[in-house]
Every structure is written in structure tokens, then in C-alpha cells.
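Below is one structure, written out as C-alpha cells, with a few remarks after it.
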Amino acid sequence: MPAISKVLIANRGEIALRVILACKEMGLKTVAVHSEADRDALHVRYADDDVCIGPAASRQSYLNISSIIAAAEITGADAIHPGYGFLAENAHFAEIAGECGLTFIGPTPEAIRLMGNKAVARDTAQKAGVPILPGSDGPVRTFEEARDIAQGIGFPVILKASAGGGGRGMRICGDESTLQSAFDTARNEAERAFGSADVYIEKYLEHPRHIEIQVFGDTHGRIVHLGERDCSIQRRHQKLIEESPSPVLNREIRQAMGDAAIKLCKAVDYVNAGTIEFLFQDGEFYFMEMNTRIQVEHPVTEEVTGIDLVKEQIRVASGLALSVPHGDFFLRGHAMEFRINAEDPVTFAPNPGKIREFHLPGGPGVRVDTAAYRDYVIPPHYDSLIAKLIIRGKDRAEVLARSRRALEQFIIEGVKTTIPLDRAIVNNERFILGDFSTRFMEEFEW
Amino acid sequence: MPAISKVLIANRGEIALRVILACKEMGLKTVAVHSEADRDALHVRYADDDVCIGPAASRQSYLNISSIIAAAEITGADAIHPGYGFLAENAHFAEIAGECGLTFIGPTPEAIRLMGNKAVARDTAQKAGVPILPGSDGPVRTFEEARDIAQGIGFPVILKASAGGGGRGMRICGDESTLQSAFDTARNEAERAFGSADVYIEKYLEHPRHIEIQVFGDTHGRIVHLGERDCSIQRRHQKLIEESPSPVLNREIRQAMGDAAIKLCKAVDYVNAGTIEFLFQDGEFYFMEMNTRIQVEHPVTEEVTGIDLVKEQIRVASGLALSVPHGDFFLRGHAMEFRINAEDPVTFAPNPGKIREFHLPGGPGVRVDTAAYRDYVIPPHYDSLIAKLIIRGKDRAEVLARSRRALEQFIIEGVKTTIPLDRAIVNNERFILGDFSTRFMEEFEW
Amino acid sequence: GRTAITAGHGTSCPKRSTLFATSWSEVAELNFKEILELIDKVADRGIGAVEIEQAGLKVRIEGKSSEPQVIHSYAGDRPAPPPAPVPPAPPTPAEKAATEKAAEDAAEVGLHIITSPIVGTFYRSANPESEPFVNVGDRIARGQVLCIVEAMKLMNEIESDVDGVVTRIYPQNGQPIEYGEKLFAVKLSS
Amino acid sequence: GRTAITAGHGTSCPKRSTLFATSWSEVAELNFKEILELIDKVADRGIGAVEIEQAGLKVRIEGKSSEPQVIHSYAGDRPAPPPAPVPPAPPTPAEKAATEKAAEDAAEVGLHIITSPIVGTFYRSANPESEPFVNVGDRIARGQVLCIVEAMKLMNEIESDVDGVVTRIYPQNGQPIEYGEKLFAVKLSS
């Protein structure tokens, strides 16, 4: 692997700035790319070079592979960090980058491809001995096939798009008649959303937690896990709050999940940062999917491990060995992340516009990752995440108390944000007790 | 000790806000006091109650004991946190608070009094077996006496006001003739500044480091130390940058200094947070003085120990045992604090006024303690500290790299600040090597 | 013990601009926050004027040299919509309680305000059984005791620094007061 | 390989006033955000006034009255204002390079600007030995190749979308260019 000296960040918003800051700390030059709507974005301001790669629409800018590669060429960048979203899990992009002599800061195209197809990933997990939810071995083509499997594993079951994500193409079926009507709908949705009508069927858990394991592999064959993140507080499969450690994992289960995650990574010779998502219910865990990128919620792991995951990504991409200490692994203290979206906290309707007041919380245990600032105009073209508030403390109780006061201190005006919702959640009794599943938000009232 | 339920903070600025945030995390009510010049201050905004205690001049407001006690009375506060500066080391204030039934969050009046007099403190240290600089046993009254002592311990020597601090009444004398002329000047200055002409004489170290040990005692007789802070980067005895651990202490010396600090604390039955300042040169350390309060630079210790010192102060003041774990003590990672003053970075002339732009750095390892905000008008009546930037990392190299990018990210406009100076220092070779003494700033060029 | 303290001049309250009094929230299409935003925008950008006409609504905002002037008119008596949501705790507290102060300020024109020189508890009489030192309408003389402010068990007598007639007593008996808080309004003897 | 790409109309730069007018006709219903944007635009561009009437809605925005009103005065006789003091690294880069743009804009009134539809390296000729596709003063026709932008080893021919005369070539030969960057100024054939 070549040494990296100049990194193009093929992303925008807080993660682009996050990567730029990591590069600065490593003494690397940076190239920001941006759409015409992001001329005033902070990642553009803080990078050494910046290139406008297209109009506001993502498809013509942040998803425009040739523009991005060309931007790397004209600026002399020798590596690309894809961030999350956009092209981060696009195997083709990783491949082209490699062919153009650019170091892709992420896994190999092969690993992205293998894990990007849910049915294949599930199959790989099963072969590696990682527990999966009982269900179909790959896509089910007919209702009759689906029905037979459902009867075998017992209702409720869930239909999912093989190529999908984000809730589209998903259907929960409590009985056979629901399954019958849902089957074609799910296939149609999958076809429209992902270009493939393939759906598979799985046992549906009624009150699972979403617990994911952060994994990291280097090019020297070492693969480690860095503990879990509990991301059960979601709304329509969009995570709102993540924490580590999970309030419900004990040392043994954490160890078992970590071991399973590492087994799966070894099966695909995984390199760089990745996340293995599990569902957890009644003491059992089941492999869900793997995300072959840095996650939005990676700071939670950084705060309890003391490891800068983005810098580690760059180290590993440049061929260095993981800097994670050998020996017994343990998480120190507790951390929680609140995603602050420019959205109506009740309807979750995006609320782009001008930030008129932007006052950040501070003091011990408070970290803010953001590319927003006062007078920044949030463009309407992209996702609504404008800041991540990450709280660290010696234990969950301290983190909760600190979160309350930090959320009180955090003032954003001009656009609606999810801060009021976060304030309500951290005062919710079930949340405080750590007694919740991914259905928390469905039942949450405030 | 009574349980505490409502804390009056007898201070202003970032430390007042810091204490308020700690109280919020502990579920305690807060009372802010403020002068007429501080109506728009953030500590007033975030407190549950606020009381105007006098006009802008400190003497009539933040140093006005009866106003502050009366404010506690009318708001029903049951405890007072003095912060640092102002009345924090005023034994009389601590005493009156106690007499009025208020819990003083700090040491006993007796401990403040004992340690507030430098000659007495030095004597106490000597008796406790803590190394001190060779010098006079208490005040020297005549030049002849001073000369004899100086000849005994060897030039250079330093004259210091017994009741003083902050450089006033101090004189360094390289030979006998300098001593002759300096002796009366030092006495006069001491008289004017502190109301007592008493000066004492000590061996003068030419390239010492200022290394201080954070100590903490509880009312159950337990006293611990929490490692050191290296505060050698000073200008005219005003600290600019502090870090922990010190780049020059090894485990053995740290242990020895910690043991010495604890011995001294035990000698005065010390309770609550305190700091023992040492000079360190050529592998030897010498007791300088004790500060019987929370320090400006306390966050540095918080970041490497994971202990919230302000919350610990309140715990201990309410009679609880220290929450510091028993067993082997060690510092995790590295931390550095930059004091951001509203000052001309070259002349250090205060530069109060309106903050027109205030953009905080973020991301991993970055903490900001501040009570400033955009459009805040820094009043000219008080000290010029407007923010503290605290950087944490796995080692000193990471902290330095992170400091550089965070200082670059930190934008304050409208008033001059010490940020440009900090940026220059973190790029200075000797600073990077950790090879500096308290004279660093005298020799620093940029 | 008793301490006599002469009250200082009432310069403590920062000046407020008047007359934000009319409620904009009665406007139909544009909501209150939006009009505030428009006003900010006109002021921030140094715009000459903005005029918006909709069915039954006309808003005109003229920028001026120092501060924006707001002229509005609307047709008919519309029921007021619910008030705009108030942000929980804005960090810039400049506009705190501007409107309620305005009316008070207007009433105090030409009056001498005696403010508290200390923090404590306000008492109108020497003890619960005795008569108040002064009542509204009383003529008072410089040096006359007006009230007591108790602090740290000390009963501090507050004396008048002017001659005149008491037109208002601001605090209630037994009320806590802070430094600079208004105690009495006095119409000066001419 | 060779790809022919027809340059789009120069609508890429939202700050350019020449094309500003057209985008309004596309607006069906003016919402509040758009009004705020209009005000910014009026302030930024020093416009005299903008007035928009739709069914049931009339909006009028008057520019700053204290300064001489600037109504598309691109004559170029006004001296450029002295550059504002540049803060070390302000986080709000809105006014970035505003002044230098002004002079350029003035010279471009009435000209058609051809911008780059892709990111890459600008070449004026097909290869180092050959003549440039076009020079300043050349008459060009719609569909005529003007230059090459190399990206990912592909030589992308950029064609003219208008008839006219080339009055300026912005980039140097071999210079990297970004999306939307100005390539040619063309005086349209009338």
C-alpha cells in the first residue's frame, strides 16, 4: 500500500469535516468536494483544496463517480475517504478508485459487494457459524414458498428486500393472510427502490434491541472488535440515540457477539472499519447485516475506547497495523450520541433553512461533531443531520444527567430540530431504566 | 454535614457556569449572583435563581461578603461554591458562610488560613517532611539577615511577600548588591499589595518547571492525589497552557510528589479540592505553595482521570466519601488546556468588548469551557479569561496534533485573544519536545 | 444592630426601547415568527422596505437608519391564532421582559426612583406590630427612614436621599430584593 | 475514448445576476423562505426594488435607501470598493471573493458564458502539437468543439451551445477546472 499524503473526502456535512480534522491531525492534506449548494459549507472552508463537482442534486454531485475521481486527479489527491452514505458502500466506486491509483479508505470492493447483498451476507454469516434469524435461505420467489417457510419458523415473520435497506421493501406479517397480501407489495417496492424484486423472509422479533459490534481489520490479518453500540432508539429504522456499552449486555454476551463479529469478518478477509448489526432479544443475538463503512454513530465507540476510528481507518488504509492495544479489551465509562436533525421533532418533516442561533454546550464529557454554524443555511437537498451531541461519563447515570444539562444548553434557532425530542427521551422512565426495544419510539409519548 | 439542595455560586464567568452545570448534573438547584455589569452573563441565564449583588466593581459585588450571604438567605441556598479567585481563598468568607448555616464547598477556614500565609505554609511543609527550597525560616526583617541567609544558600535568591501571590513583592537577586536594592522595594510592594511588608527569602531556580499536584480530601479522613499538572508555560506568573501528565515526570517522581502532597494535606486535615504547587528542576522538587480551591486548570486532571472534580467537591462538602476508586492510581492518555484570554497576544493588554464571531472547535478530544457567546460583550471590570480549550488524546503527540487543528478551528472575532499565541506555541520545537521551563515565555519569539 | 444606608440613585435598569406592544400574532398568513424574521432581515440587510399584501393582510416593514420601523394594517377582526412557540432558553437574553418594562418606564418619567443599595428582605415597618415607615402619598424628607432591608440578621434602615412625595412602593412587605431593585418612586418637591 | 458533452447554459453560479431573472418565472407560489431569499438577494446585489404580483399576493422589496441605489449599473464606472478586512478564517464564507467577482461580472453584461459541465483538466487543443480549437475573436457556431476537458483519461469535447464570437477564454491551457467554472465568454450573434 502506498503512503497517503492527500485525502479527498467524497462526502459533505459533519462527516466530511470529521475526516478533514482527522487528516489535519495526521499532517495530511485534504481535498473537499462539494455541490453548488454547498459552496458555503464548512468542510469546504477547512480543506486545503476544494472542487465543485456538480449541481445540488446528489446524483450529479456527491454520487457522481467520474466527477469525484476527476477531482482527485486535478488536485493530486492519492486517497479517497467516502464517509458514510452516498458512495460509501458502492463497490464500483471503490474499484474505480483503485484502478485510478487512489487508495480507497475502506474495505475492498469484494467485501463491500459480498456484504452489500443481504441474502449473501446472511448466507456468509450462517456458514461462518454466526447466529442468524431463522428464515429462507436466500430469496423466496413465490407466496407458497414464503408461506411454507413462515409456517416452519412460526409467525410473525418479516419480508425484506435482498438488495435493500432503510425500511423500503420491508413487511411484517402476523399471519398467513397478511403474508399473502404483503408478498407482492414487498416485491414491487423492492423492485422500484433497488432494481431487484428479490425478497427474503425471516422470523420477526417483537421487542428486539438493535445492538451492533464495531469491527476493525488491518492488512496484516488482524481483526478486532471494539465493543457494541446499542442503537435501539430509532424511528422508522432511522437511529436517533446510540450508546455504548449497551445497558443489557453482560461481559459474556459481549464476548460472544464480538467473537461472532470477528468470525464473520475473517470469512470475508475484512479490512478497515465495519459494523456488524445484530438483533438482540431474550439473551439471544441474531446477525442482521454488515455495514462496510464508518458509521454515523462511531463517536460513541471512540469515547469509550479512546481510539480515533477515522484516523485508524487512514492508518490501516495506508498499510499500517492497527494501533489498538493487544490484550484484554474493555470499555471505559459510558457514552451516548444524540443525532440532532433539522426536522420537526413531532412529524420528523425535514426543516432546512437558516440557522439563526447556534449555541453549543460545553464542559466535561461533552463533544459536538457538526459542520453547522450560526447563519449557515441548511440546503434542502441532503439529509437533515446537522450535529451530533456525544456525551461521555463514568457510568450511564452520569451520562444521562450530563445529557440533560447539555441538551438544555444546546440552543439552535431558525430551524426546528430534534433537540426537544431528545430532551423528552432522556427524561423518560423506560429510557432511564435502559428498558427499551427498537419499538420504543412507536410507543413513546410526549 | 447537611445534605445540599441549592448551591449559590459566588463567582462569575466560565467557572460559575461550570459549577452550575455540575449542580444540574447532580439535580441541585442553583443561584447565580452577578454585578450590574453581568446582567447578560450566561451563568445568570442558566441558574435557577439570580441575584444582583452590586455594581460592576468587584469590591462591591463579587467580593462583597454580606451581599453574597444575603443573596443566599433570600434565595434559600444552603451551600456556597466560591469558584476560584474572588473570595475562594478568603478564610473569613468561609467562616461567615458556616456561621450562617451555609455549607462552604471547599476546605475549612482553618486550612485556608494556614495555607494562605506562605511562610506558615512553608513551615508546615518543612515540618511534614515535604522538600522545600532552602531559605529563611519565615520573614526576614533586615537586609543583613537576608544577606547572611543568601550567602548561606548561595545566589541567585528570590524575595517573596509572605502574604502574597501573583508576582507582586517578588524580586530575584543574582548578587549581594542587587539584594540590597531589592530588599526595601520588595517590602514596600508587599505592604502596598497585601497590607503586610513581610518578605521571605529562598533559593532561586534558574530553569524550573511549575508542576502541581491535585489533591482531594474527604471528611472521612481519606486524602488522595490525582496526579500532576505541568503549568510551566506562564507569562509573568500567569499560566497560559497546562498539561497532564508532565512530559518530564517518571512514575517514581510522580509517586514521590504525590506522597509529599498527601503528607502536607494530612498535616492540616485538608478536606475538599486543593493543589500543591512544586518547582521541579534537575530531578528534584520543592514545595512552593498550596492553593486551597479548585484551579482554573482543573479540567486537565478531569480529562486524564475521568473524575469530575467539581461534582466531587460538592459530594465531599455534603459529607459523602470520595468517589475516587481505591487501588493503583494512573493517568489515562494526555490532556492540555489553553487559556483563551481576551488580550492582545503580544502585549497581553486586556481587550474587552463585543464578541462578533464565536465559532467553537469540535470533534474527538475537544472540550471547551466558556461562558462567552456570539454578541456577548466582555465587561472591562474582570479578568480576561473567556474560554478554556481542553484537548485530550491517547498521548502527547496526538494532543499536540489535535490542539493545532482545534486552535485553527476556534474562531473568535471582535476582540483580540491569545489564540494566535497558542497556535505559535504548539508549533514551537521546544514546546513540542516538552523541553521547557517557566522561563519559556521570556525566551519565546514568534 | 442597625445600620443606616442612604439609597443610591436608580440608574440600575438598562434603557429599553418602547412600543413593541401590539401583537403581531393576529396576522393570518404570515405567522408572528416569520414577521419577526422579516424585521430582522430588513434590519440586518439594511433594506429600504418590504411590503407584502395578501387577501386581508398587508405588512410593510421599513428599514430606518437606527432601527426598523414597523407599520402594519390588516382588515377585519380576526381571532388571534395561538402564540408562537417560545424558544426554551436563548443564550442572548437582551430582549428579556422588554415589553412589560416599557409601560413601567413610561409611568416613571420625571420621578425619582429609590433603589436598594443592598441585597436582603424588604420590610416596610420596624417590626410586624408597628406602622409602615411610609405609605403612598406621604411627603418624605431627605434622611428619613423609608424601610428596612434585612441581611445577615442585620436590619438595615434605608433612608431617602431626596425630598418629595412617595407615589409608589414597588416591593411587597417581606419580599426578597436584590441590589439596585426599585423600592420607591418619589415625586420630587419643586 | 471521446465523449461529446454540450455545455449547459451558465446557470451554475447562483450568485450571477445575468441569469437571475429567469429563475423567477419558474416560481409558482412564493413561500416565506423564498421571500427571505429575495431580501438577501436585493441586499447582496444592491438592487433598487423587486416587485412580484401573483394572484392574491403582492410582494415588494426596496433596496437600501441610504446608499445610492444600484439598479443593474454594470457600466463599470464605479470604482471597486476597498476590500473588507479579511478575518483569519471566518466560518461563514458567504462573502468569499465577492469584490473580485463584481468587476468580472460587469464586463460580462450581455455576454453568454460557457461553463464547464464536468471536473477535469482544460485543454485548448486536441493534442500538444495541434492548433487551439478556438481563439479570442473567433466566430463560433452551435455544436462546434471549443476545448477538451480531460477526466479519468477521457478526453471530453466541450461544444458550444450558441452562435457568436469568443471574447474571452478563462482558463489557461492545462489548468484544472471544476464543475461550473467559466470557460468562454461569447458575444452572441444578433
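Letters A, B, ... go to the chains of the C-alpha cells in the order shown; residues in each chain start at 1; ligands are counted from 1 in the same order.
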
So that I can check the surroundings of A:Gly434, please list as a short mmCIF file (atom, residue, chain, number, x, y, z; two decimals) with C-alpha atoms, in the first residue's frame every protein, DNA and RNA residue that reaches within 12 Å of it, counting only C-alpha atoms and ignoring chain neighbours fewer than 4 positions away.
```
data_model
loop_
_atom_site.label_atom_id
_atom_site.label_comp_id
_atom_site.auth_asym_id
_atom_site.auth_seq_id
_atom_site.Cartn_x
_atom_site.Cartn_y
_atom_site.Cartn_z
CA ARG A 209 -32.78 -4.39 20.63
CA ASP A 230 -26.97 -0.06 21.37
CA CYS A 231 -28.97 1.74 18.70
CA SER A 232 -32.46 0.66 19.70
CA ILE A 233 -33.85 4.19 19.82
CA GLU A 242 -26.93 5.37 20.32
CA GLU A 243 -24.95 4.32 23.35
CA SER A 244 -22.10 2.13 24.48
CA PRO A 245 -21.98 -0.09 26.40
CA SER A 246 -25.48 -1.42 25.95
CA PRO A 247 -27.44 -1.36 29.23
CA VAL A 248 -28.37 -5.04 28.72
CA LEU A 249 -25.18 -6.82 27.65
CA ARG A 396 -24.76 5.61 32.39
CA ALA A 397 -26.27 7.62 35.25
CA LEU A 400 -27.94 10.72 31.47
CA ILE A 425 -36.43 10.94 25.82
CA VAL A 426 -33.67 11.46 28.41
CA ASN A 427 -36.39 12.15 30.96
CA ASN A 428 -38.43 9.10 30.01
CA GLU A 429 -38.54 6.48 32.72
CA ARG A 430 -38.10 3.47 30.46
CA THR A 438 -36.44 -0.87 18.78
CA PHE A 440 -39.51 2.42 21.87
#
```

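In chain A, the set of residues within 8 Å of chain C (atoms considered: only C-alpha atoms) is His359, Glu408, Gln409, Ile411 and Glu413 of chain A.
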
Would you mind exporting N, CA, C and O atoms of the selected residues as a short mmCIF file (atom, residue, chain, number, x, y, z; two decimals), in the first residue's frame?
```cif
data_model
loop_
_atom_site.label_atom_id
_atom_site.label_comp_id
_atom_site.auth_asym_id
_atom_site.auth_seq_id
_atom_site.Cartn_x
_atom_site.Cartn_y
_atom_site.Cartn_z
N HIS A 359 -25.83 27.80 19.63
CA HIS A 359 -25.03 27.87 20.85
C HIS A 359 -24.74 26.46 21.32
O HIS A 359 -25.65 25.70 21.65
N GLU A 408 -30.09 20.91 27.38
CA GLU A 408 -30.68 22.18 27.80
C GLU A 408 -29.81 23.35 27.31
O GLU A 408 -30.31 24.40 26.89
N GLN A 409 -28.50 23.14 27.35
CA GLN A 409 -27.55 24.18 26.95
C GLN A 409 -27.48 24.38 25.44
O GLN A 409 -27.00 25.41 24.97
N ILE A 411 -28.56 25.29 22.05
CA ILE A 411 -29.60 26.15 21.50
C ILE A 411 -29.43 26.29 19.99
O ILE A 411 -28.39 26.74 19.51
N GLU A 413 -31.70 27.90 16.85
CA GLU A 413 -32.92 28.59 16.46
C GLU A 413 -32.90 28.87 14.97
O GLU A 413 -31.84 28.94 14.35
#
```

re atom CA of A:Arg168 and atom CA of A:Tyr200: distance 13.1 Å

| task | as a ChimeraX atom specification, please: all residues of stretch 206-410 of chain B that backbone DSSP puts in strand (DSSP E). | result | /B:209-217,223-235,238-244,272-281,284-291,334-341,353-354,357-359,366-370,377-378,385-393

Next item on the list: Write out as a list in words the residues lying within 9 Å of B:Ala10, counting only C-alpha atoms and excluding same-chain residues fewer than 4 positions away.
Entry: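 Here the qualifying residues turn out to be Ala16, Val31, Ala32, Val33, His34, Tyr62, Leu63, Ile68, Ile80, His81, Pro82, Gly83, Phe86, Leu87 and Ala88 of chain B.
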
Pull the closest atom pair for each residue of chain B that gets at most 9 Å from chain A, along with the distance in Å to one decimal, counting only C-alpha atoms, ordering rows by chain and then ascending residue number, as CSV.
```
residue,atom,partner,partner_atom,distance
B:Leu17,CA,A:Gly363,CA,8.9
B:Arg18,CA,A:Gly363,CA,6.6
B:Leu21,CA,A:Arg405,CA,6.6
B:Ala22,CA,A:Arg402,CA,8.3
B:Lys24,CA,A:Arg405,CA,6.3
B:Glu25,CA,A:Ala401,CA,4.7
B:Met26,CA,A:Ala401,CA,7.1
B:Gly27,CA,A:Ala401,CA,8.0
B:Tyr46,CA,A:Gln409,CA,8.1
B:Pro299,CA,A:Pro364,CA,7.4
B:Glu302,CA,A:Pro364,CA,7.7
B:Glu303,CA,A:Pro364,CA,7.9
B:Gly306,CA,A:Lys394,CA,6.7
B:Ile307,CA,A:Lys394,CA,7.7
B:Asp308,CA,A:Pro364,CA,7.3
B:Gly333,CA,A:Gly306,CA,8.4
B:His359,CA,A:Tyr373,CA,7.3
B:Leu360,CA,A:Leu360,CA,7.8
B:Pro361,CA,A:Val368,CA,8.5
B:Gly362,CA,A:Val368,CA,5.4
B:Gly363,CA,A:Asp369,CA,4.9
B:Pro364,CA,A:Arg367,CA,6.8
B:Gly365,CA,A:Arg367,CA,7.6
B:Val366,CA,A:Arg367,CA,6.7
B:Arg367,CA,A:Gly363,CA,6.3
B:Val368,CA,A:Gly362,CA,5.3
B:Asp369,CA,A:Gly363,CA,4.9
B:Thr370,CA,A:Gly362,CA,7.2
B:Tyr373,CA,A:His359,CA,7.2
B:Arg374,CA,A:His359,CA,8.4
B:Gly393,CA,A:Gly306,CA,7.5
B:Lys394,CA,A:Gly306,CA,6.7
B:Glu398,CA,A:Glu25,CA,7.3
B:Val399,CA,A:Glu25,CA,8.9
B:Leu400,CA,A:Glu25,CA,8.4
B:Ala401,CA,A:Glu25,CA,4.7
B:Arg402,CA,A:Glu25,CA,5.4
B:Ser403,CA,A:Glu25,CA,8.5
B:Arg404,CA,A:Glu25,CA,7.6
B:Arg405,CA,A:Lys24,CA,6.3
B:Ala406,CA,A:Leu21,CA,8.3
B:Gln409,CA,A:Tyr46,CA,8.1
```

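The coordinates place atom CA of B:Ser61 at 25.5 Å from atom CA of B:Met115.
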
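Taking atom CA of A:Ala37 and atom CA of A:Ile355 as endpoints, the distance between them is 15.7 Å.
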
message = I need the alpha helix (DSSP H) residues of stretch 279-394 of chain A per DSSP on the backbone, written as a PyMOL selection string.
response = chain A and resi 298-305+309-317

Output of the above residues as a PDB file, in the first residue's frame, restricted to N, CA and C atoms:
```pdb
ATOM      1  N   HIS A 298     -20.142   6.385  15.104  1.00  0.00           N
ATOM      2  CA  HIS A 298     -18.818   5.907  15.519  1.00  0.00           C
ATOM      3  C   HIS A 298     -18.255   6.647  16.742  1.00  0.00           C
ATOM      4  N   PRO A 299     -18.615   7.931  16.981  1.00  0.00           N
ATOM      5  CA  PRO A 299     -18.029   8.618  18.148  1.00  0.00           C
ATOM      6  C   PRO A 299     -18.326   7.925  19.479  1.00  0.00           C
ATOM      7  N   VAL A 300     -19.464   7.264  19.552  1.00  0.00           N
ATOM      8  CA  VAL A 300     -19.821   6.568  20.788  1.00  0.00           C
ATOM      9  C   VAL A 300     -18.725   5.570  21.152  1.00  0.00           C
ATOM     10  N   THR A 301     -18.267   4.840  20.158  1.00  0.00           N
ATOM     11  CA  THR A 301     -17.189   3.871  20.387  1.00  0.00           C
ATOM     12  C   THR A 301     -15.870   4.580  20.687  1.00  0.00           C
ATOM     13  N   GLU A 302     -15.623   5.682  19.992  1.00  0.00           N
ATOM     14  CA  GLU A 302     -14.390   6.439  20.259  1.00  0.00           C
ATOM     15  C   GLU A 302     -14.320   6.885  21.710  1.00  0.00           C
ATOM     16  N   GLU A 303     -15.458   7.298  22.252  1.00  0.00           N
ATOM     17  CA  GLU A 303     -15.451   7.844  23.613  1.00  0.00           C
ATOM     18  C   GLU A 303     -15.216   6.787  24.672  1.00  0.00           C
ATOM     19  N   VAL A 304     -15.640   5.553  24.424  1.00  0.00           N
ATOM     20  CA  VAL A 304     -15.443   4.518  25.449  1.00  0.00           C
ATOM     21  C   VAL A 304     -14.181   3.683  25.215  1.00  0.00           C
ATOM     22  N   THR A 305     -13.551   3.861  24.050  1.00  0.00           N
ATOM     23  CA  THR A 305     -12.310   3.111  23.796  1.00  0.00           C
ATOM     24  C   THR A 305     -11.084   4.021  23.739  1.00  0.00           C
ATOM     25  N   LEU A 309     -11.377   6.460  15.479  1.00  0.00           N
ATOM     26  CA  LEU A 309     -11.659   5.467  14.433  1.00  0.00           C
ATOM     27  C   LEU A 309     -11.330   5.979  13.031  1.00  0.00           C
ATOM     28  N   VAL A 310     -11.509   7.258  12.809  1.00  0.00           N
ATOM     29  CA  VAL A 310     -11.243   7.788  11.468  1.00  0.00           C
ATOM     30  C   VAL A 310      -9.739   7.801  11.193  1.00  0.00           C
ATOM     31  N   LYS A 311      -8.968   8.209  12.179  1.00  0.00           N
ATOM     32  CA  LYS A 311      -7.518   8.153  11.997  1.00  0.00           C
ATOM     33  C   LYS A 311      -7.060   6.700  11.827  1.00  0.00           C
ATOM     34  N   GLU A 312      -7.700   5.820  12.552  1.00  0.00           N
ATOM     35  CA  GLU A 312      -7.363   4.396  12.422  1.00  0.00           C
ATOM     36  C   GLU A 312      -7.686   3.898  11.010  1.00  0.00           C
ATOM     37  N   GLN A 313      -8.792   4.365  10.450  1.00  0.00           N
ATOM     38  CA  GLN A 313      -9.134   3.994   9.062  1.00  0.00           C
ATOM     39  C   GLN A 313      -8.019   4.388   8.102  1.00  0.00           C
ATOM     40  N   ILE A 314      -7.506   5.600   8.298  1.00  0.00           N
ATOM     41  CA  ILE A 314      -6.476   6.105   7.388  1.00  0.00           C
ATOM     42  C   ILE A 314      -5.168   5.338   7.595  1.00  0.00           C
ATOM     43  N   ARG A 315      -4.839   5.089   8.854  1.00  0.00           N
ATOM     44  CA  ARG A 315      -3.649   4.280   9.158  1.00  0.00           C
ATOM     45  C   ARG A 315      -3.709   2.937   8.434  1.00  0.00           C
ATOM     46  N   VAL A 316      -4.824   2.268   8.637  1.00  0.00           N
ATOM     47  CA  VAL A 316      -4.975   0.926   8.080  1.00  0.00           C
ATOM     48  C   VAL A 316      -4.950   0.971   6.550  1.00  0.00           C
ATOM     49  N   ALA A 317      -5.595   1.997   5.974  1.00  0.00           N
ATOM     50  CA  ALA A 317      -5.623   2.109   4.512  1.00  0.00           C
ATOM     51  C   ALA A 317      -4.225   2.346   3.947  1.00  0.00           C
TER      52      ALA A 317
END
```
